[in-house]
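Containing PDB, C-alpha atoms, pLDDT in the B column: coords07.pdb.
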ATOM      1  CA  MET A   7      98.144  98.819  90.496  1.00 42.00           C
ATOM      2  CA  ALA A   8     100.781  98.906  87.883  1.00 36.00           C
ATOM      3  CA  ALA A   9     101.764  99.427  84.257  1.00 35.00           C
ATOM      4  CA  GLU A  10     103.456  97.830  81.351  1.00 34.00           C
ATOM      5  CA  ASN A  11     107.257  98.072  81.225  1.00 35.00           C
ATOM      6  CA  GLY A  12     108.760  99.881  78.276  1.00 34.00           C
ATOM      7  CA  THR A  13     109.697 103.336  77.084  1.00 29.00           C
ATOM      8  CA  PRO A  14     107.819 106.391  78.414  1.00 30.00           C
ATOM      9  CA  GLU A  15     106.232 106.924  74.995  1.00 34.00           C
ATOM     10  CA  LYS A  16     104.683 103.458  75.112  1.00 31.00           C
ATOM     11  CA  ARG A  17     103.539 103.761  78.710  1.00 34.00           C
ATOM     12  CA  ILE A  18     101.092 106.632  78.758  1.00 34.00           C
ATOM     13  CA  ASN A  19      99.099 106.158  75.551  1.00 36.00           C
ATOM     14  CA  PRO A  20      98.243 102.449  75.698  1.00 39.00           C
ATOM     15  CA  TRP A  21      97.396 102.118  79.337  1.00 44.00           C
ATOM     16  CA  GLY A  22      96.794 105.560  80.823  1.00 48.00           C
ATOM     17  CA  GLN A  23      93.056 105.044  80.694  1.00 44.00           C
ATOM     18  CA  ALA A  24      93.394 101.532  82.102  1.00 50.00           C
ATOM     19  CA  VAL A  25      95.447 102.791  85.054  1.00 50.00           C
ATOM     20  CA  ALA A  26      92.809 105.382  85.864  1.00 47.00           C
ATOM     21  CA  ALA A  27      89.975 102.862  85.536  1.00 47.00           C
ATOM     22  CA  VAL A  28      91.549 100.261  87.796  1.00 51.00           C
ATOM     23  CA  ALA A  29      92.657 102.897  90.298  1.00 52.00           C
ATOM     24  CA  LEU A  30      89.129 104.251  90.529  1.00 46.00           C
ATOM     25  CA  PHE A  31      87.684 100.761  90.993  1.00 51.00           C
ATOM     26  CA  ALA A  32      90.294  99.981  93.614  1.00 46.00           C
ATOM     27  CA  ALA A  33      89.547 103.215  95.420  1.00 48.00           C
ATOM     28  CA  ILE A  34      85.859 102.494  95.554  1.00 45.00           C
ATOM     29  CA  GLY A  35      86.577  98.828  96.306  1.00 44.00           C
ATOM     30  CA  GLY A  36      82.932  97.969  95.837  1.00 42.00           C
ATOM     31  CA  ALA A  37      82.041 100.590  98.430  1.00 49.00           C
ATOM     32  CA  LEU A  38      78.431 101.687  98.589  1.00 46.00           C
ATOM     33  CA  TRP A  39      77.639 104.197 101.314  1.00 45.00           C
ATOM     34  CA  VAL A  40      73.918 104.017 102.118  1.00 44.00           C
ATOM     35  CA  SER A  41      72.650 107.334 103.456  1.00 41.00           C
ATOM     36  CA  GLU A  42      69.164 106.178 104.504  1.00 41.00           C
ATOM     37  CA  ALA A  43      68.310 102.974 106.364  1.00 39.00           C
ATOM     38  CA  THR A  44      65.395 100.949 105.075  1.00 39.00           C
ATOM     39  CA  SER A  45      64.602  98.981 108.214  1.00 38.00           C
ATOM     40  CA  SER A  46      64.673  99.363 111.961  1.00 39.00           C
ATOM     41  CA  GLY A  47      67.628  98.250 114.028  1.00 45.00           C
ATOM     42  CA  SER A  48      67.879  94.676 115.288  1.00 45.00           C
ATOM     43  CA  SER A  49      68.890  93.306 118.643  1.00 49.00           C
ATOM     44  CA  GLY A  50      72.532  93.097 117.707  1.00 55.00           C
ATOM     45  CA  PRO A  51      74.256  91.183 114.899  1.00 57.00           C
ATOM     46  CA  PRO A  52      76.585  88.238 115.499  1.00 63.00           C
ATOM     47  CA  ALA A  53      80.323  88.809 115.339  1.00 70.00           C
ATOM     48  CA  ALA A  54      81.586  89.328 111.800  1.00 84.00           C
ATOM     49  CA  SER A  55      83.429  86.518 110.050  1.00 84.00           C
ATOM     50  CA  CYS A  56      84.918  86.222 106.591  1.00 89.00           C
ATOM     51  CA  SER A  57      82.868  84.692 103.827  1.00 69.00           C
ATOM     52  CA  ASP A  58      83.369  84.141 100.120  1.00 55.00           C
ATOM     53  CA  GLU A  59      80.843  84.646  97.331  1.00 52.00           C
ATOM     54  CA  GLU A  60      82.069  81.438  95.689  1.00 55.00           C
ATOM     55  CA  PRO A  61      85.161  79.377  96.457  1.00 54.00           C
ATOM     56  CA  GLY A  62      86.193  79.287  92.798  1.00 54.00           C
ATOM     57  CA  LYS A  63      89.078  77.274  91.381  1.00 59.00           C
ATOM     58  CA  SER A  64      92.702  77.712  92.364  1.00 63.00           C
ATOM     59  CA  THR A  65      94.487  80.366  90.296  1.00 71.00           C
ATOM     60  CA  GLY A  66      97.770  80.801  92.146  1.00 78.00           C
ATOM     61  CA  ARG A  67      96.613  84.273  93.252  1.00 89.00           C
ATOM     62  CA  VAL A  68      95.432  85.396  96.657  1.00 94.00           C
ATOM     63  CA  THR A  69      91.684  84.991  97.110  1.00 93.00           C
ATOM     64  CA  GLY A  70      89.136  87.417  98.488  1.00 93.00           C
ATOM     65  CA  LYS A  71      88.637  85.183 101.503  1.00 93.00           C
ATOM     66  CA  GLN A  72      92.387  85.153 102.220  1.00 95.00           C
ATOM     67  CA  LEU A  73      92.457  88.944 101.986  1.00 96.00           C
ATOM     68  CA  CYS A  74      89.506  89.111 104.376  1.00 96.00           C
ATOM     69  CA  GLU A  75      91.222  86.815 106.852  1.00 96.00           C
ATOM     70  CA  ALA A  76      94.342  88.996 106.733  1.00 97.00           C
ATOM     71  CA  LEU A  77      92.298  92.163 107.200  1.00 97.00           C
ATOM     72  CA  LEU A  78      89.967  90.922 109.956  1.00 96.00           C
ATOM     73  CA  ARG A  79      92.704  90.677 112.561  1.00 96.00           C
ATOM     74  CA  PRO A  80      91.957  90.825 116.313  1.00 95.00           C
ATOM     75  CA  ASP A  81      93.664  94.213 116.706  1.00 97.00           C
ATOM     76  CA  LEU A  82      92.134  95.902 113.636  1.00 97.00           C
ATOM     77  CA  ALA A  83      89.829  98.142 115.698  1.00 97.00           C
ATOM     78  CA  GLU A  84      92.800  99.191 117.826  1.00 97.00           C
ATOM     79  CA  LEU A  85      94.850  99.992 114.708  1.00 98.00           C
ATOM     80  CA  LEU A  86      91.964 102.179 113.528  1.00 98.00           C
ATOM     81  CA  GLY A  87      92.010 104.061 116.836  1.00 97.00           C
ATOM     82  CA  THR A  88      88.565 102.752 117.825  1.00 97.00           C
ATOM     83  CA  PRO A  89      89.473  99.896 120.212  1.00 97.00           C
ATOM     84  CA  THR A  90      85.984  99.522 121.712  1.00 96.00           C
ATOM     85  CA  GLU A  91      84.298  98.837 118.359  1.00 96.00           C
ATOM     86  CA  THR A  92      83.542  95.405 116.928  1.00 96.00           C
ATOM     87  CA  ALA A  93      83.448  94.541 113.241  1.00 96.00           C
ATOM     88  CA  LYS A  94      79.845  94.475 111.988  1.00 95.00           C
ATOM     89  CA  THR A  95      80.406  92.819 108.615  1.00 94.00           C
ATOM     90  CA  ALA A  96      83.291  91.171 106.781  1.00 95.00           C
ATOM     91  CA  PHE A  97      83.492  89.535 103.378  1.00 93.00           C
ATOM     92  CA  GLY A  98      85.810  88.705 100.502  1.00 93.00           C
ATOM     93  CA  ASN A  99      85.193  88.104  96.813  1.00 91.00           C
ATOM     94  CA  ASP A 100      87.233  87.107  93.786  1.00 90.00           C
ATOM     95  CA  GLY A 101      86.024  89.720  91.327  1.00 81.00           C
ATOM     96  CA  SER A 102      87.727  91.465  88.435  1.00 77.00           C
ATOM     97  CA  VAL A 103      87.540  94.855  86.761  1.00 75.00           C
ATOM     98  CA  GLY A 104      86.652  95.032  83.078  1.00 68.00           C
ATOM     99  CA  LEU A 105      88.717  97.226  80.786  1.00 64.00           C
ATOM    100  CA  GLU A 106      88.204  98.592  77.299  1.00 62.00           C
ATOM    101  CA  GLY A 107      88.682  95.967  74.609  1.00 65.00           C
ATOM    102  CA  GLY A 108      86.988  93.190  76.540  1.00 65.00           C
ATOM    103  CA  LYS A 109      89.947  92.491  78.796  1.00 75.00           C
ATOM    104  CA  SER A 110      89.593  92.103  82.535  1.00 79.00           C
ATOM    105  CA  THR A 111      92.033  92.374  85.413  1.00 82.00           C
ATOM    106  CA  PRO A 112      91.675  90.010  88.405  1.00 87.00           C
ATOM    107  CA  MET A 113      91.052  92.024  91.570  1.00 90.00           C
ATOM    108  CA  PRO A 114      90.075  90.013  94.657  1.00 93.00           C
ATOM    109  CA  THR A 115      88.759  92.302  97.391  1.00 94.00           C
ATOM    110  CA  ALA A 116      87.926  92.171 101.085  1.00 95.00           C
ATOM    111  CA  GLU A 117      85.930  94.598 103.218  1.00 95.00           C
ATOM    112  CA  VAL A 118      85.443  94.973 106.973  1.00 96.00           C
ATOM    113  CA  GLU A 119      82.942  97.456 108.391  1.00 95.00           C
ATOM    114  CA  PHE A 120      82.947  99.083 111.839  1.00 96.00           C
ATOM    115  CA  ASP A 121      80.735 101.830 113.275  1.00 96.00           C
ATOM    116  CA  THR A 122      83.354 104.501 112.518  1.00 97.00           C
ATOM    117  CA  TYR A 123      85.470 103.091 109.684  1.00 97.00           C
ATOM    118  CA  THR A 124      85.101 100.769 106.748  1.00 95.00           C
ATOM    119  CA  VAL A 125      88.332  99.192 105.477  1.00 96.00           C
ATOM    120  CA  THR A 126      88.945  97.459 102.171  1.00 95.00           C
ATOM    121  CA  LEU A 127      91.930  95.469 100.955  1.00 96.00           C
ATOM    122  CA  SER A 128      92.348  94.485  97.314  1.00 94.00           C
ATOM    123  CA  ALA A 129      94.992  92.911  95.096  1.00 94.00           C
ATOM    124  CA  THR A 130      95.216  93.979  91.443  1.00 91.00           C
ATOM    125  CA  TYR A 131      96.898  91.531  89.057  1.00 91.00           C
ATOM    126  CA  ASP A 132      98.047  93.525  86.058  1.00 87.00           C
ATOM    127  CA  ASP A 133     101.455  94.374  84.585  1.00 84.00           C
ATOM    128  CA  LEU A 134     101.410  98.075  85.429  1.00 86.00           C
ATOM    129  CA  PRO A 135     104.078  99.367  87.845  1.00 91.00           C
ATOM    130  CA  VAL A 136     102.966 101.577  90.720  1.00 90.00           C
ATOM    131  CA  THR A 137     105.695 104.109  89.913  1.00 87.00           C
ATOM    132  CA  ALA A 138     104.154 104.685  86.478  1.00 83.00           C
ATOM    133  CA  SER A 139     100.909 105.850  88.068  1.00 76.00           C
ATOM    134  CA  TYR A 140     102.651 108.857  89.623  1.00 72.00           C
ATOM    135  CA  GLU A 141     102.871 110.663  86.285  1.00 68.00           C
ATOM    136  CA  VAL A 142      99.766 109.277  84.614  1.00 69.00           C
ATOM    137  CA  LEU A 143      97.386 110.186  87.431  1.00 68.00           C
ATOM    138  CA  GLY A 144      99.218 113.215  88.789  1.00 66.00           C
ATOM    139  CA  TRP A 145     100.127 111.636  92.118  1.00 62.00           C
ATOM    140  CA  ASP A 146     103.750 112.791  92.285  1.00 59.00           C
ATOM    141  CA  GLU A 147     103.271 114.583  95.601  1.00 61.00           C
ATOM    142  CA  SER A 148     101.928 111.423  97.243  1.00 79.00           C
ATOM    143  CA  GLN A 149     104.601 108.922  96.241  1.00 85.00           C
ATOM    144  CA  ARG A 150     106.481 107.193  99.006  1.00 89.00           C
ATOM    145  CA  THR A 151     108.024 103.896 100.071  1.00 93.00           C
ATOM    146  CA  VAL A 152     106.016 101.587 102.314  1.00 95.00           C
ATOM    147  CA  LEU A 153     107.456  98.316 103.638  1.00 96.00           C
ATOM    148  CA  ASP A 154     110.414  98.830 101.252  1.00 95.00           C
ATOM    149  CA  ARG A 155     108.130  98.932  98.189  1.00 96.00           C
ATOM    150  CA  PRO A 156     107.000 101.791  95.937  1.00 94.00           C
ATOM    151  CA  ALA A 157     103.656 103.185  97.088  1.00 94.00           C
ATOM    152  CA  VAL A 158     101.292 106.092  96.546  1.00 91.00           C
ATOM    153  CA  LEU A 159      98.524 107.749  98.573  1.00 90.00           C
ATOM    154  CA  TYR A 160      95.423 108.980  96.756  1.00 88.00           C
ATOM    155  CA  SER A 161      91.880 110.208  97.396  1.00 86.00           C
ATOM    156  CA  ASN A 162      88.455 109.375  96.008  1.00 81.00           C
ATOM    157  CA  ARG A 163      84.844 109.116  97.140  1.00 73.00           C
ATOM    158  CA  THR A 164      82.411 106.302  97.707  1.00 70.00           C
ATOM    159  CA  MET A 165      79.161 106.040  95.794  1.00 58.00           C
ATOM    160  CA  ARG A 166      76.097 107.188  97.712  1.00 56.00           C
ATOM    161  CA  ILE A 167      72.719 105.473  97.337  1.00 51.00           C
ATOM    162  CA  ASN A 168      69.526 107.007  98.763  1.00 50.00           C
ATOM    163  CA  PHE A 169      66.706 104.485  99.044  1.00 48.00           C
ATOM    164  CA  ARG A 170      63.247 106.031  98.947  1.00 48.00           C
ATOM    165  CA  LEU A 171      60.959 104.733 101.661  1.00 55.00           C
ATOM    166  CA  ASP A 172      57.928 105.345  99.413  1.00 54.00           C
ATOM    167  CA  GLY A 173      59.134 102.729  96.943  1.00 56.00           C
ATOM    168  CA  GLY A 174      60.412 105.210  94.357  1.00 55.00           C
ATOM    169  CA  ASP A 175      63.625 104.822  92.388  1.00 56.00           C
ATOM    170  CA  ALA A 176      66.854 104.987  94.377  1.00 54.00           C
ATOM    171  CA  GLU A 177      69.062 108.029  93.862  1.00 53.00           C
ATOM    172  CA  THR A 178      72.817 107.804  93.478  1.00 61.00           C
ATOM    173  CA  GLY A 179      75.642 110.286  93.818  1.00 57.00           C
ATOM    174  CA  THR A 180      79.033 110.837  95.400  1.00 68.00           C
ATOM    175  CA  GLY A 181      79.351 109.763  98.997  1.00 75.00           C
ATOM    176  CA  VAL A 182      81.945 110.173 101.720  1.00 85.00           C
ATOM    177  CA  PRO A 183      85.658 110.867 101.057  1.00 88.00           C
ATOM    178  CA  LEU A 184      88.124 108.020 101.236  1.00 90.00           C
ATOM    179  CA  ARG A 185      91.879 107.648 101.342  1.00 92.00           C
ATOM    180  CA  SER A 186      93.768 104.792  99.693  1.00 92.00           C
ATOM    181  CA  LEU A 187      97.286 103.475  99.735  1.00 94.00           C
ATOM    182  CA  MET A 188      98.557 101.575  96.688  1.00 93.00           C
ATOM    183  CA  VAL A 189     101.647  99.408  97.298  1.00 95.00           C
ATOM    184  CA  ALA A 190     103.606  97.420  94.703  1.00 95.00           C
ATOM    185  CA  GLN A 191     103.314  93.640  94.933  1.00 95.00           C
ATOM    186  CA  ASP A 192     107.098  93.259  94.821  1.00 95.00           C
ATOM    187  CA  THR A 193     110.135  95.369  95.648  1.00 95.00           C
ATOM    188  CA  LYS A 194     111.103  95.622  91.954  1.00 94.00           C
ATOM    189  CA  ASP A 195     107.646  97.043  91.112  1.00 94.00           C
ATOM    190  CA  SER A 196     107.322  94.639  88.212  1.00 93.00           C
ATOM    191  CA  GLY A 197     103.519  94.796  88.107  1.00 92.00           C
ATOM    192  CA  GLY A 198     100.448  94.491  90.275  1.00 92.00           C
ATOM    193  CA  SER A 199      99.522  96.195  93.523  1.00 93.00           C
ATOM    194  CA  TYR A 200      97.733  95.972  96.837  1.00 95.00           C
ATOM    195  CA  ASP A 201      95.318  98.739  97.824  1.00 94.00           C
ATOM    196  CA  VAL A 202      94.210  99.525 101.374  1.00 96.00           C
ATOM    197  CA  THR A 203      91.311 101.989 101.601  1.00 95.00           C
ATOM    198  CA  LEU A 204      89.561 103.731 104.496  1.00 95.00           C
ATOM    199  CA  TRP A 205      86.413 105.817 104.761  1.00 93.00           C
ATOM    200  CA  ARG A 206      84.456 107.111 107.737  1.00 94.00           C
ATOM    201  CA  GLU A 207      80.738 106.885 108.401  1.00 92.00           C
ATOM    202  CA  ASP A 208      80.695 110.500 109.634  1.00 93.00           C
ATOM    203  CA  GLY A 209      82.052 111.790 106.320  1.00 91.00           C
ATOM    204  CA  MET A 210      85.345 113.086 107.713  1.00 94.00           C
ATOM    205  CA  VAL A 211      88.519 112.522 105.690  1.00 93.00           C
ATOM    206  CA  PRO A 212      90.409 109.502 107.106  1.00 95.00           C
ATOM    207  CA  ASP A 213      93.742 110.196 108.774  1.00 95.00           C
ATOM    208  CA  ASP A 214      96.709 109.075 106.646  1.00 95.00           C
ATOM    209  CA  ALA A 215      98.544 107.991 109.796  1.00 96.00           C
ATOM    210  CA  VAL A 216      95.727 105.527 110.522  1.00 97.00           C
ATOM    211  CA  LEU A 217      95.758 104.263 106.936  1.00 97.00           C
ATOM    212  CA  LEU A 218      99.512 103.703 106.982  1.00 97.00           C
ATOM    213  CA  ARG A 219      99.372 101.986 110.381  1.00 97.00           C
ATOM    214  CA  VAL A 220      96.745  99.531 109.137  1.00 98.00           C
ATOM    215  CA  ALA A 221      98.594  98.862 105.877  1.00 98.00           C
ATOM    216  CA  GLU A 222     101.953  98.247 107.563  1.00 97.00           C
ATOM    217  CA  LYS A 223     100.413  95.645 109.863  1.00 98.00           C
ATOM    218  CA  VAL A 224      98.033  93.941 107.438  1.00 98.00           C
ATOM    219  CA  LEU A 225      99.986  93.708 104.176  1.00 98.00           C
ATOM    220  CA  PRO A 226     102.859  91.500 105.454  1.00 97.00           C
ATOM    221  CA  THR A 227     100.243  88.924 106.515  1.00 97.00           C
ATOM    222  CA  VAL A 228      98.717  88.599 103.029  1.00 97.00           C
ATOM    223  CA  PRO A 229      99.582  85.178 101.505  1.00 95.00           C
ATOM    224  CA  GLY A 230     102.341  85.619  98.918  1.00 92.00           C
ATOM    225  CA  TRP A 231     103.608  88.935 100.301  1.00 95.00           C
ATOM    226  CA  ALA A 232     107.011  87.528 101.238  1.00 90.00           C
ATOM    227  CA  ALA A 233     107.488  86.199  97.695  1.00 86.00           C
ATOM    228  CA  GLY A 234     107.650  89.779  96.446  1.00 84.00           C
ATOM    229  CA  SER A 235     110.461  90.817  98.776  1.00 82.00           C
TER     230      SER A 235
END
Spell out the structure here as structure tokens.
Amino acid sequence: MAAENGTPEKRINPWGQAVAAVALFAAIGGALWVSEATSSGSSGPPAASCSDEEPGKSTGRVTGKQLCEALLRPDLAELLGTPTETAKTAFGNDGSVGLEGGKSTPMPTAEVEFDTYTVTLSATYDDLPVTASYEVLGWDESQRTVLDRPAVLYSNRTMRINFRLDGGDAETGTGVPLRSLMVAQDTKDSGGSYDVTLWREDGMVPDDAVLLRVAEKVLPTVPGWAAGS
């Protein structure tokens, strides 16, 4: 996540709403927490592997599939503190988030789901510095440095969907709490961010120590990370 360089007066008014919008989208990361199953269990799914919605053309940015491959590492379950679990699903996509005025910000995303945790990793390509979000979104108490780059911890919730077994309309609402870590894409915090997000199936608030442990292992393996050093 990030913000446009310039004087403080120019920062908050033009892009304050955009920062909040992208931060919210990054926090949710496409997360839909389904509170009622619609079918009976199967005899066990195959091991998860990364897939892409569409390959797309080369843009010079990291792709959703590359993010997925960085996230779906052999020791991810161990990093989450659930070493006996196996990833159930994994995917990446090259989406974007639309902003007011018809503009859109590229935001490739990856997600890996386990029995206990779901983890998402996204890259936001805008020109908004992470440090600017501290004041705009009231995150001053959560600012820190991670892997020698400006970062911030923040909270949100997934979206809950209840599917009616009688065929009625689905109901939506807020779901389980999540914790996210936003890290600048370069040490100078010149714009753009990576977000790592965790939520738990049991609805408990994820441990920040787990989130930081995952981020510190995964982020350096994202293609292009070293270029921001």
Give me the residues near A:Tyr200 as a PDB file with C-alpha atoms, keeping the file's coordinate frame, where near means some atom within 6 Å (using all atoms listed in the file) and where sequence neighbours in that chain fewer than 3 positions away do not count.
ATOM      1  CA  SER A 128      92.348  94.485  97.314  1.00 94.00           C
ATOM      2  CA  ALA A 129      94.992  92.911  95.096  1.00 94.00           C
ATOM      3  CA  MET A 188      98.557 101.575  96.688  1.00 93.00           C
ATOM      4  CA  VAL A 189     101.647  99.408  97.298  1.00 95.00           C
TER       5      VAL A 189
END
Practice task
Starting from the shown file, work through the PyMOL selection byres ((chain A and resi 219) around 12) and note down what comes out as a PyMOL selection string.
Solution key: chain A and resi 81-87+152-153+187+202-204+213-218+220-225
Convert the current residue selection to file output with C-alpha atoms, as a short mmCIF file (atom, residue, chain, number, x, y, z; two decimals), keeping the file's coordinate frame.
data_model
loop_
_atom_site.label_atom_id
_atom_site.label_comp_id
_atom_site.auth_asym_id
_atom_site.auth_seq_id
_atom_site.Cartn_x
_atom_site.Cartn_y
_atom_site.Cartn_z
CA ASP A 81 93.66 94.21 116.71
CA LEU A 82 92.13 95.90 113.64
CA ALA A 83 89.83 98.14 115.70
CA GLU A 84 92.80 99.19 117.83
CA LEU A 85 94.85 99.99 114.71
CA LEU A 86 91.96 102.18 113.53
CA GLY A 87 92.01 104.06 116.84
CA VAL A 152 106.02 101.59 102.31
CA LEU A 153 107.46 98.32 103.64
CA LEU A 187 97.29 103.48 99.74
CA VAL A 202 94.21 99.52 101.37
CA THR A 203 91.31 101.99 101.60
CA LEU A 204 89.56 103.73 104.50
CA ASP A 213 93.74 110.20 108.77
CA ASP A 214 96.71 109.08 106.65
CA ALA A 215 98.54 107.99 109.80
CA VAL A 216 95.73 105.53 110.52
CA LEU A 217 95.76 104.26 106.94
CA LEU A 218 99.51 103.70 106.98
CA VAL A 220 96.74 99.53 109.14
CA ALA A 221 98.59 98.86 105.88
CA GLU A 222 101.95 98.25 107.56
CA LYS A 223 100.41 95.64 109.86
CA VAL A 224 98.03 93.94 107.44
CA LEU A 225 99.99 93.71 104.18
#
Counting all atoms listed in the file, which residue out of A:Val136, A:Met113, A:Leu159, A:Ala93 sits closest to A:Lys194?
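Closest residue, counting all atoms listed in the file: A:Val136.
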The residue from A:Pro89, A:Gly101, A:Gly181, A:Pro212 with the smallest atom-to-atom distance to A:Thr130, counting all atoms listed in the file, is A:Gly101
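When atom CA of A:Thr193 is paired with atom CA of A:Pro80, their separation reads 27.9 Å.
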Exercise for the section: Run the PyMOL selection byres ((chain A and resi 205-211) around 6) against the file shown and list the residues it catches, as a list of chain:residue names. Expected result: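 Given this file, the PyMOL selection byres ((chain A and resi 205-211) around 6) evaluates to A:Thr122, A:Tyr123, A:Thr124, A:Val182, A:Pro183, A:Leu184, A:Leu204, A:Pro212.
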Of A:Ser196, A:Thr69, A:Thr115, A:Thr88, the one sitting nearest A:Leu134 when using only C-alpha atoms is A:Ser196
* To do: Could you tell me which of A:Gln72, A:Ser161, A:Ser199, A:Ser235 comes closest to A:Thr137 if we count only C-alpha atoms?
  =>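 Checking each candidate against A:Thr137, we get A:Ser199 as the closest.
Residues selected in this file by the PyMOL selection byres ((chain A and resi 75) around 9) comprise Ser55, Cys56, Gly70, Lys71, Gln72, Leu73, Cys74, Ala76, Leu77, Leu78, Arg79, Phe97, Gly98, Ala116 and Val228 of chain A.
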Practice problem: Grab the atom CA of A:Arg150 to atom CA of A:Arg67 distance for me, in Å with one decimal place. | Solution: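 Interatomic distance here is 25.6 Å.
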Record the distance separating atom CA of A:Tyr160 and atom CA of A:Ala190, expressed in Å with one decimal.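 Value for the atom CA of A:Tyr160-atom CA of A:Ala190 distance: 14.3 Å.
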Min atom-atom distance to A:Thr92 from the set A:Tyr140, A:Thr65, A:Lys109, A:Phe120, counting all atoms listed in the file, belongs to A:Phe120
